[in-house]
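One file, target_19.cif, carrying mmCIF, C-alpha atoms and all ligand atoms:
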data_upload
#
loop_
_atom_site.label_atom_id
_atom_site.label_comp_id
_atom_site.auth_asym_id
_atom_site.auth_seq_id
_atom_site.Cartn_x
_atom_site.Cartn_y
_atom_site.Cartn_z
CA MET W 317 72.06 23.30 -22.38
CA GLU W 318 69.36 20.63 -22.53
CA LYS W 319 68.70 19.06 -19.13
CA ASN W 320 69.98 15.56 -18.57
CA ILE W 321 66.63 13.79 -18.37
CA ASP W 322 65.43 10.44 -19.70
CA TRP W 323 62.67 12.15 -21.72
CA GLY W 324 61.16 8.89 -22.95
CA ALA W 325 60.58 7.67 -19.38
CA LEU W 326 58.60 10.74 -18.25
CA GLY W 327 55.02 10.27 -17.13
CA PHE W 328 52.41 12.98 -16.64
CA GLY W 329 53.67 14.37 -13.33
CA TYR W 330 55.15 17.53 -11.89
CA SER W 331 58.89 18.08 -12.01
CA LYS W 332 60.00 21.41 -10.63
CA THR W 333 61.92 23.53 -13.12
CA ASP W 334 64.16 26.56 -12.59
CA TYR W 335 61.79 29.46 -13.24
CA ARG W 336 58.16 30.54 -12.87
CA TYR W 337 56.25 33.72 -13.82
CA VAL W 338 54.40 35.72 -11.15
CA SER W 339 52.19 38.81 -11.27
CA ASN W 340 50.16 40.10 -8.33
CA TYR W 341 46.91 42.06 -8.40
CA LYS W 342 46.56 44.79 -5.77
CA ASN W 343 44.75 48.15 -5.49
CA GLY W 344 42.76 47.37 -8.60
CA LYS W 345 45.59 46.50 -10.98
CA TRP W 346 47.98 43.77 -12.10
CA CYS W 347 51.64 44.54 -11.35
CA SER W 348 54.21 44.26 -14.13
CA GLY W 349 55.10 40.62 -13.39
CA GLU W 350 58.45 38.84 -13.21
CA ILE W 351 60.32 35.61 -13.71
CA THR W 352 61.50 34.18 -10.40
CA THR W 353 63.25 31.11 -8.98
CA ASP W 354 61.10 31.23 -5.82
CA ASP W 355 58.74 28.25 -5.93
CA LYS W 356 56.91 29.10 -2.68
CA VAL W 357 53.60 30.93 -2.48
CA VAL W 358 53.09 32.69 0.85
CA ILE W 359 49.52 33.82 1.46
CA SER W 360 47.19 34.43 4.41
CA GLU W 361 45.80 31.35 6.11
CA CYS W 362 42.38 32.89 5.47
CA ALA W 363 42.97 33.55 1.74
CA CYS W 364 39.85 33.33 -0.41
CA VAL W 365 41.34 30.47 -2.43
CA LEU W 366 41.79 28.38 0.73
CA GLN W 367 38.33 29.09 2.15
CA TYR W 368 36.15 29.32 -0.95
CA ALA W 369 38.20 27.83 -3.80
CA GLN W 370 38.47 31.06 -5.79
CA THR W 371 40.90 29.78 -8.41
CA CYS W 372 40.97 29.03 -12.13
CA PHE W 373 43.64 27.61 -14.41
CA GLU W 374 44.76 26.75 -17.92
CA GLY W 375 46.90 24.05 -19.48
CA LEU W 376 48.93 24.12 -22.69
CA LYS W 377 52.20 22.72 -24.00
CA ALA W 378 55.43 23.86 -25.63
CA TYR W 379 57.02 21.53 -28.18
CA ARG W 380 60.17 21.38 -30.24
CA THR W 381 59.37 21.19 -33.92
CA LYS W 382 61.13 19.34 -36.71
CA ASP W 383 63.29 22.41 -37.44
CA ASN W 384 64.09 22.81 -33.72
CA LYS W 385 61.86 25.79 -33.02
CA VAL W 386 60.02 25.94 -29.71
CA VAL W 387 56.31 26.58 -30.24
CA CYS W 388 52.98 26.59 -28.43
CA PHE W 389 49.70 25.48 -29.91
CA ARG W 390 46.96 28.14 -30.08
CA PRO W 391 47.80 29.84 -26.75
CA ASP W 392 45.55 32.78 -27.69
CA LEU W 393 42.59 30.47 -27.06
CA ASN W 394 43.89 29.61 -23.59
CA ALA W 395 44.32 33.32 -22.84
CA LYS W 396 40.74 34.01 -23.90
CA ARG W 397 39.30 31.06 -22.01
CA MET W 398 41.09 32.10 -18.82
CA VAL W 399 39.44 35.50 -19.04
CA GLU W 400 36.05 33.75 -19.23
CA SER W 401 36.89 31.47 -16.30
CA ALA W 402 38.10 34.40 -14.17
CA LEU W 403 34.99 36.49 -14.85
CA ARG W 404 32.66 33.60 -13.94
CA ILE W 405 34.14 33.41 -10.44
CA GLU W 406 34.54 37.20 -9.99
CA MET W 407 38.29 37.47 -10.50
CA PRO W 408 39.97 40.31 -12.39
CA PRO W 409 40.95 38.79 -15.76
CA PHE W 410 44.62 38.70 -16.68
CA PRO W 411 44.88 40.57 -20.02
CA GLU W 412 45.15 38.24 -23.03
CA GLU W 413 48.21 39.90 -24.56
CA ARG W 414 49.98 39.80 -21.20
CA PHE W 415 49.11 36.11 -20.88
CA LEU W 416 50.87 35.42 -24.19
CA ASP W 417 53.86 37.49 -23.16
CA ALA W 418 54.07 35.66 -19.82
CA VAL W 419 53.95 32.26 -21.57
CA LYS W 420 56.77 33.39 -23.83
CA GLN W 421 58.87 34.64 -20.89
CA VAL W 422 58.46 31.54 -18.75
CA VAL W 423 59.15 29.09 -21.60
CA ARG W 424 62.22 31.06 -22.68
CA ALA W 425 63.51 31.06 -19.10
CA ASN W 426 63.03 27.28 -18.94
CA ILE W 427 64.11 26.56 -22.52
CA ASP W 428 66.47 23.77 -21.44
CA TRP W 429 63.48 21.92 -20.04
CA VAL W 430 61.68 21.74 -23.39
CA PRO W 431 62.00 18.09 -24.47
CA PRO W 432 63.64 17.34 -27.83
CA TYR W 433 61.73 16.73 -31.05
CA ARG W 434 60.45 13.14 -31.32
CA SER W 435 61.08 12.36 -27.64
CA GLY W 436 57.33 11.92 -27.11
CA ALA W 437 57.55 14.42 -24.24
CA SER W 438 56.66 18.12 -24.10
CA LEU W 439 56.76 21.04 -21.67
CA TYR W 440 53.41 21.38 -19.93
CA ILE W 441 52.52 24.98 -19.07
CA ARG W 442 50.15 25.64 -16.21
CA PRO W 443 48.88 29.23 -15.79
CA TYR W 444 46.62 29.74 -12.77
CA MET W 445 45.32 32.48 -10.52
CA PHE W 446 43.85 32.63 -7.07
CA GLY W 447 42.43 35.02 -4.46
CA THR W 448 45.12 35.75 -1.88
CA ASN W 449 43.84 38.13 0.78
CA PRO W 450 41.78 37.04 3.83
CA VAL W 451 38.00 36.78 3.52
CA MET W 452 35.60 35.29 6.03
CA GLY W 453 32.19 36.40 4.87
CA VAL W 454 31.50 34.99 1.40
CA LYS W 455 32.80 37.45 -1.16
CA PRO W 456 35.52 37.63 -3.80
CA ALA W 457 39.08 38.53 -2.76
CA ASP W 458 40.55 41.98 -3.51
CA GLU W 459 44.05 40.68 -4.15
CA TYR W 460 45.15 37.93 -6.51
CA GLN W 461 48.16 36.14 -7.85
CA PHE W 462 48.60 35.02 -11.46
CA ARG W 463 51.32 32.44 -11.81
CA ILE W 464 52.69 30.15 -14.51
CA ILE W 465 54.63 27.02 -13.70
CA VAL W 466 55.99 24.57 -16.26
CA SER W 467 56.96 20.92 -16.12
CA PRO W 468 58.33 18.45 -18.66
CA VAL W 469 55.77 15.67 -19.14
CA GLY W 470 55.34 12.41 -20.98
CA PRO W 471 52.02 10.88 -22.02
CA TYR W 472 48.95 11.35 -19.77
CA PHE W 473 47.87 7.72 -19.97
CA LYS W 474 50.72 5.29 -19.32
CA GLY W 475 49.41 2.79 -21.85
CA GLY W 476 50.08 5.31 -24.63
CA ILE W 477 47.79 4.72 -27.58
CA LYS W 478 46.16 1.68 -25.91
CA PRO W 479 42.37 2.07 -25.59
CA ILE W 480 40.91 2.88 -22.18
CA THR W 481 37.64 2.04 -20.44
CA LEU W 482 35.15 4.62 -19.19
CA ARG W 483 32.21 4.14 -16.89
CA VAL W 484 29.07 6.22 -16.51
CA PRO W 485 29.21 7.27 -12.84
CA ASP W 486 26.43 7.92 -10.34
CA PHE W 487 27.77 11.45 -9.89
CA ASP W 488 27.20 14.64 -11.83
CA ARG W 489 29.93 16.97 -13.00
CA ALA W 490 28.18 20.23 -13.85
CA ALA W 491 24.83 21.81 -13.03
CA PRO W 492 22.82 23.21 -15.97
CA LEU W 493 23.59 26.85 -15.13
CA GLY W 494 26.73 26.14 -13.10
CA THR W 495 30.46 26.30 -13.86
CA GLY W 496 30.98 23.29 -16.13
CA HIS W 497 31.96 25.51 -19.08
CA VAL W 498 34.87 27.22 -17.29
CA LYS W 499 38.20 25.87 -16.11
CA VAL W 500 37.96 26.30 -12.36
CA GLY W 501 39.45 24.23 -9.55
CA LEU W 502 36.07 23.65 -7.96
CA ASN W 503 35.00 21.42 -10.87
CA TYR W 504 37.99 19.25 -10.16
CA ALA W 505 37.61 19.13 -6.36
CA MET W 506 34.18 17.61 -6.75
CA SER W 507 35.40 15.10 -9.35
CA LEU W 508 38.11 13.64 -7.08
CA HIS W 509 35.84 11.20 -5.26
CA ALA W 510 34.32 9.99 -8.53
CA ILE W 511 37.75 9.40 -10.11
CA VAL W 512 39.15 7.56 -7.08
CA ASP W 513 36.01 5.42 -7.04
CA ALA W 514 36.30 4.73 -10.80
CA HIS W 515 39.93 3.64 -10.39
CA ASN W 516 39.01 1.41 -7.44
CA GLN W 517 36.47 -0.30 -9.66
CA GLY W 518 38.98 -0.78 -12.47
CA TYR W 519 37.92 2.00 -14.86
CA ASN W 520 40.21 4.66 -16.31
CA GLU W 521 37.81 7.62 -16.30
CA ASN W 522 34.21 8.72 -15.68
CA LEU W 523 32.01 9.64 -18.60
CA TYR W 524 29.56 12.21 -17.22
CA LEU W 525 26.03 12.68 -18.50
CA ASP W 526 24.13 15.96 -18.54
CA SER W 527 22.91 16.40 -14.99
CA LYS W 528 19.44 17.63 -15.91
CA THR W 529 18.15 14.63 -17.88
CA ARG W 530 21.01 12.11 -17.41
CA THR W 531 20.46 10.91 -20.98
CA LYS W 532 23.08 12.83 -22.94
CA VAL W 533 26.84 12.30 -23.02
CA GLU W 534 28.99 15.24 -21.89
CA GLU W 535 32.69 14.66 -21.14
CA THR W 536 35.07 13.11 -18.61
CA GLY W 537 36.52 14.98 -15.62
CA GLY W 538 39.30 16.55 -17.66
CA ALA W 539 38.81 15.75 -21.34
CA ASN W 540 36.18 16.13 -24.06
CA ILE W 541 35.01 13.12 -26.07
CA ILE W 542 34.56 12.43 -29.78
CA PHE W 543 32.89 9.53 -31.59
CA VAL W 544 33.10 8.22 -35.13
CA THR W 545 29.90 6.92 -36.69
CA LYS W 546 29.72 3.92 -39.03
CA ASP W 547 29.77 6.29 -42.02
CA ASN W 548 32.91 8.04 -40.77
CA GLU W 549 31.32 11.18 -39.44
CA VAL W 550 33.19 12.65 -36.46
CA ILE W 551 30.75 13.82 -33.80
CA THR W 552 31.15 15.48 -30.43
CA PRO W 553 28.59 16.49 -27.79
CA LYS W 554 27.08 19.96 -27.93
CA SER W 555 26.27 21.24 -24.47
CA SER W 556 26.54 24.47 -22.50
CA THR W 557 27.98 22.63 -19.49
CA ILE W 558 31.07 21.22 -21.20
CA LEU W 559 34.49 22.86 -21.00
CA SER W 560 35.22 23.77 -24.60
CA SER W 561 38.44 21.89 -25.32
CA ILE W 562 40.88 23.60 -27.67
CA THR W 563 42.15 20.16 -28.73
CA ARG W 564 38.59 19.10 -29.59
CA ARG W 565 37.90 22.29 -31.56
CA SER W 566 41.16 21.71 -33.46
CA LEU W 567 40.39 18.03 -34.12
CA MET W 568 36.98 18.88 -35.55
CA TYR W 569 38.68 21.33 -37.90
CA VAL W 570 41.30 18.73 -38.85
CA ALA W 571 38.58 16.12 -39.51
CA GLU W 572 36.80 18.46 -41.88
CA HIS W 573 39.62 20.34 -43.58
CA TYR W 574 42.50 17.85 -43.58
CA LEU W 575 40.73 14.48 -43.68
CA GLY W 576 37.67 15.49 -45.67
CA LEU W 577 35.25 14.04 -43.11
CA LYS W 578 31.96 15.41 -41.90
CA ALA W 579 32.43 16.87 -38.40
CA THR W 580 29.38 17.70 -36.32
CA GLU W 581 28.75 19.08 -32.84
CA ARG W 582 25.36 17.89 -31.62
CA GLU W 583 23.56 16.36 -28.66
CA ILE W 584 24.53 12.71 -28.27
CA HIS W 585 22.23 10.36 -26.41
CA ILE W 586 23.65 7.53 -24.36
CA GLU W 587 21.55 4.99 -26.36
CA GLU W 588 23.40 5.99 -29.53
CA LEU W 589 26.80 4.82 -28.29
CA LYS W 590 26.23 1.21 -29.37
CA ASP W 591 25.97 2.38 -33.00
CA PHE W 592 29.35 4.10 -33.11
CA LYS W 593 32.58 2.73 -34.52
CA GLU W 594 35.24 4.58 -32.56
CA SER W 595 35.61 6.92 -29.61
CA ALA W 596 38.44 8.94 -28.08
CA LEU W 597 39.08 11.47 -25.32
CA CYS W 598 40.72 14.73 -26.23
CA GLY W 599 42.54 17.42 -24.29
CA THR W 600 45.96 19.02 -24.09
CA ALA W 601 47.28 16.49 -21.58
CA ALA W 602 46.29 13.33 -23.46
CA VAL W 603 45.95 14.87 -26.99
CA LEU W 604 43.77 11.98 -28.19
CA SER W 605 43.26 8.84 -26.20
CA PRO W 606 41.25 5.99 -27.76
CA VAL W 607 38.28 4.65 -25.81
CA GLY W 608 37.67 0.93 -26.30
CA LYS W 609 34.82 0.37 -23.89
CA ILE W 610 32.13 2.31 -22.05
CA VAL W 611 30.31 0.68 -19.15
CA ASP W 612 26.91 2.12 -18.25
CA HIS W 613 25.91 0.13 -15.19
CA GLY W 614 25.14 -3.42 -16.41
CA ASN W 615 25.47 -2.37 -20.05
CA GLU W 616 28.89 -2.74 -21.75
CA ILE W 617 29.55 -1.03 -25.04
CA ILE W 618 32.66 -2.25 -26.81
CA PHE W 619 33.49 -0.27 -29.93
CA PRO W 620 34.37 -2.24 -33.08
CA SER W 621 37.86 -0.73 -32.92
CA GLY W 622 38.36 -2.91 -29.82
CA MET W 623 40.70 -2.84 -26.82
CA GLU W 624 44.00 -3.39 -28.60
CA ASN W 625 44.37 -0.50 -31.02
CA ALA W 626 43.05 2.96 -31.74
CA GLY W 627 40.43 3.08 -34.50
CA GLU W 628 41.47 4.10 -38.00
CA ILE W 629 39.98 7.60 -37.92
CA THR W 630 41.28 8.17 -34.38
CA GLN W 631 44.78 7.29 -35.57
CA LYS W 632 44.51 9.65 -38.55
CA LEU W 633 43.25 12.48 -36.38
CA TYR W 634 46.05 11.88 -33.89
CA SER W 635 48.85 11.77 -36.43
CA THR W 636 47.54 14.81 -38.31
CA LEU W 637 47.10 16.98 -35.22
CA THR W 638 50.43 16.00 -33.66
CA GLY W 639 52.07 16.46 -37.08
CA ILE W 640 50.72 20.01 -37.19
CA GLN W 641 51.94 20.67 -33.65
CA LYS W 642 55.44 19.38 -34.40
CA GLY W 643 55.79 21.32 -37.64
CA GLU W 644 55.64 18.26 -39.92
CA ILE W 645 52.33 19.24 -41.51
CA GLU W 646 51.42 22.78 -42.48
CA ALA W 647 49.23 24.40 -39.83
CA PRO W 648 46.20 26.62 -40.40
CA ALA W 649 47.09 30.31 -40.04
CA GLY W 650 47.53 31.39 -36.42
CA TRP W 651 47.72 27.93 -34.85
CA ILE W 652 51.43 27.87 -34.11
CA PHE W 653 52.90 30.45 -31.72
CA GLU W 654 56.64 30.73 -31.84
CA ILE W 655 58.52 31.17 -28.58
C1 LIG Z 701 41.12 21.42 -19.74
C2 LIG Z 701 39.91 20.58 -19.92
C3 LIG Z 701 39.65 19.91 -21.13
C4 LIG Z 701 40.62 19.89 -22.29
O1 LIG Z 701 40.74 21.13 -22.90
P1 LIG Z 701 41.97 21.48 -23.85
O2 LIG Z 701 41.78 22.91 -24.17
O3 LIG Z 701 41.86 20.63 -25.05
O4 LIG Z 701 43.19 21.19 -23.07
C5 LIG Z 701 38.47 19.20 -21.23
N1 LIG Z 701 37.59 19.12 -20.21
C6 LIG Z 701 37.83 19.73 -19.03
C7 LIG Z 701 36.84 19.60 -17.94
C8 LIG Z 701 38.99 20.48 -18.85
O5 LIG Z 701 39.21 21.08 -17.69
#
Before anything else, please render the file you have as structure tokens.
Ligand SMILES: *Cc1c(COP(=O)(O)O)cnc(C)c1O
Amino acid sequence: MEKNIDWGALGFGYSKTDYRYVSNYKNGKWCSGEITTDDKVVISECACVLQYAQTCFEGLKAYRTKDNKVVCFRPDLNAKRMVESALRIEMPPFPEERFLDAVKQVVRANIDWVPPYRSGASLYIRPYMFGTNPVMGVKPADEYQFRIIVSPVGPYFKGGIKPITLRVPDFDRAAPLGTGHVKVGLNYAMSLHAIVDAHNQGYNENLYLDSKTRTKVEETGGANIIFVTKDNEVITPKSSTILSSITRRSLMYVAEHYLGLKATEREIHIEELKDFKESALCGTAAVLSPVGKIVDHGNEIIFPSGMENAGEITQKLYSTLTGIQKGEIEAPAGWIFEI
């Protein structure tokens, strides 16, 4: 039976649910894996994850559709990306087909926690893995845990569709040949100071530049960015140090194939921002969050769409993508994964 929760009041936080999925890696292989009620992880005090941050993660959501099916959005891409993240930090990848099976198992076990259709909430799914055995000299662990927890969540930004303000920080996110393109905890650890500082100064997020030339726009700490030009072209930064958002890839497809707009991935220089009409952040957590203003040191760029409402194209992109996710609009083949 559906849990007795005020779904509409949920924010983006962690609420413990009944079940989680766990598989351990030992003696060179992943064990079969199981659903458990045990929410405690017991590992060595010298575990590689605790000493050297050997951990990567994913994030996706389960939704209830119009016809009351429970579905996930393109989880095969999360499975694939987690393999890439794991390999970059010398972890044994969790097989893609097992990832999908684990997602299915853990959502089914927690089916009563999947928010109802039209509640505005969804079930956030967080797969992650980490090195568990003790290491002191710098080297990868030999033993790992892959785990999936889930939590019902509301919108990422409390203001909902209200535009947010970004600032260009005096910090870098990703080195040119570093780990910016993979979803690893270390990228987030080093963003924590910058985000706390941004909040203290009254900004919602940091908009990072490429760290080599500091002239090109990259992304925020946890979301990609899109812009709309004055002739309604949707553009997004092309860079090898950005985490390739599945939401962003899907939005670019929607712009082109559903809305008939030109959609381009290219380098975007900071000086170009003043010429754009709209901007929005995109990622699983926020889906699409309109950006009203970007502050680059003394220079304030306010998009014509303003600080009150999302721009017209942003709104269309948002309603089309969420319509596809909720089964109201026909999805491209392979986008919807039924639980
Ligand atoms: C997870 C993440 C995103 C968003 O990716 P989605 O696949 O759309 O959820 C964007 N940037 C960073 C740095 C991320 O970690």
message = Please identify all protein, DNA and RNA residues within 10 Å of ligand LIG 701 (chain Z), counting all atoms listed in the file, and report them as number ranges by chain.
response = W: 372-377, 390-391, 393-394, 397, 489-490, 496-501, 503-504, 507, 534-541, 557-567, 597-604
task = Determine the nearest neighbour of W:Pro468 from the options W:Arg442, W:His515, W:Lys528, W:Lys385, counting only C-alpha atoms.
result = W:Arg442
inquiry  = Nearest residue to W:Gly643 out of W:Phe410, W:Phe446, W:Tyr433, W:Phe462, using only C-alpha atoms?
reply    =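 Looking only at the distances to W:Gly643, the closest residue turns out to be W:Tyr433.
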request  = Point out the residue among W:Asp513, W:Asp486, W:Glu318, W:Glu588 with the least atom-to-atom distance to W:His613, counting only C-alpha atoms.
outcome  =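 Comparing W:Asp513, W:Asp486, W:Glu318, W:Glu588 against W:His613, the winner is W:Asp486.
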task = Select all residues near (49.6, 40.8, -7.7) (cut-off 7 Å, inclusive, file coordinates), counting all atoms listed in the file, and output them as a ChimeraX atom specification.
result = /W:339-342,346-347,459-462
message = Can you tell me which residues surround stretch 575-586 of chain W at a distance of at most 10 Å, considering only C-alpha atoms, apart from same-chain residues fewer than 3 positions away, and format the answer as a ChimeraX atom specification?
response = /W:484,525-526,530-534,542-544,547-555,565,567-572,589-590,612,629,632-633,636
Nearest residue to W:Val454 from the set W:Val512, W:Ile441, W:Cys364, W:Ala491 (distances using only C-alpha atoms) =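 The closest residue to W:Val454 is W:Cys364.
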query = Could you state the separation of atom CA of W:Thr495 and atom CA of W:Ala596 in Å, given to one decimal place?
reply =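 Atom-to-atom, atom CA of W:Thr495 and atom CA of W:Ala596 are spaced 23.8 Å apart.
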key: Two-atom distance - atom CA of W:Asn625, atom CA of W:Pro606 (Å)   = 7.9 Å
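The space separating atom CA of W:Trp323 from atom CA of W:Pro431 comes to 6.6 Å.
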query = Given the choices W:Thr529, W:Asn522, W:Thr545, W:Thr638, which gets closest to W:Ile610 if the distance is worked out from only C-alpha atoms?
reply =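 Under the stated criterion, the closest residue is W:Asn522.
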task = Write out as an MDAnalysis selection string each polymer residue whose atoms come within 9 Å of W:Gly447, counting all atoms listed in the file; drop sequence neighbours fewer than 5 positions from it.
result = chainID W and resid 363:366 369:371 407 456:461
Just C-alpha atoms for this one: save the residues we selected as a PDB file, keeping the file's coordinate frame.
ATOM      1  CA  ALA W 363      42.970  33.550   1.740  1.00  0.00           C
ATOM      2  CA  CYS W 364      39.850  33.330  -0.410  1.00  0.00           C
ATOM      3  CA  VAL W 365      41.340  30.470  -2.430  1.00  0.00           C
ATOM      4  CA  LEU W 366      41.790  28.380   0.730  1.00  0.00           C
ATOM      5  CA  ALA W 369      38.200  27.830  -3.800  1.00  0.00           C
ATOM      6  CA  GLN W 370      38.470  31.060  -5.790  1.00  0.00           C
ATOM      7  CA  THR W 371      40.900  29.780  -8.410  1.00  0.00           C
ATOM      8  CA  MET W 407      38.290  37.470 -10.500  1.00  0.00           C
ATOM      9  CA  PRO W 456      35.520  37.630  -3.800  1.00  0.00           C
ATOM     10  CA  ALA W 457      39.080  38.530  -2.760  1.00  0.00           C
ATOM     11  CA  ASP W 458      40.550  41.980  -3.510  1.00  0.00           C
ATOM     12  CA  GLU W 459      44.050  40.680  -4.150  1.00  0.00           C
ATOM     13  CA  TYR W 460      45.150  37.930  -6.510  1.00  0.00           C
ATOM     14  CA  GLN W 461      48.160  36.140  -7.850  1.00  0.00           C
TER      15      GLN W 461
END
query = Pick from W:Pro450, W:Pro409, W:Gly470, W:Pro492: nearest to W:Gly344, with all atoms listed in the file counted?
reply = W:Pro409
task = Considering only C-alpha atoms, return as a ChimeraX atom specification whatever protein or nucleic-acid residues lie within 9 Å of W:Arg424, sequence-local ones (same chain, fewer than 4 positions apart) excluded.
result = /W:386,419-420,428,655
May I have the selected residues written with C-alpha atoms, as a PDB file, in the frame of the given file?
ATOM      1  CA  VAL W 386      60.020  25.940 -29.710  1.00  0.00           C
ATOM      2  CA  VAL W 419      53.950  32.260 -21.570  1.00  0.00           C
ATOM      3  CA  LYS W 420      56.770  33.390 -23.830  1.00  0.00           C
ATOM      4  CA  ASP W 428      66.470  23.770 -21.440  1.00  0.00           C
ATOM      5  CA  ILE W 655      58.520  31.170 -28.580  1.00  0.00           C
TER       6      ILE W 655
END
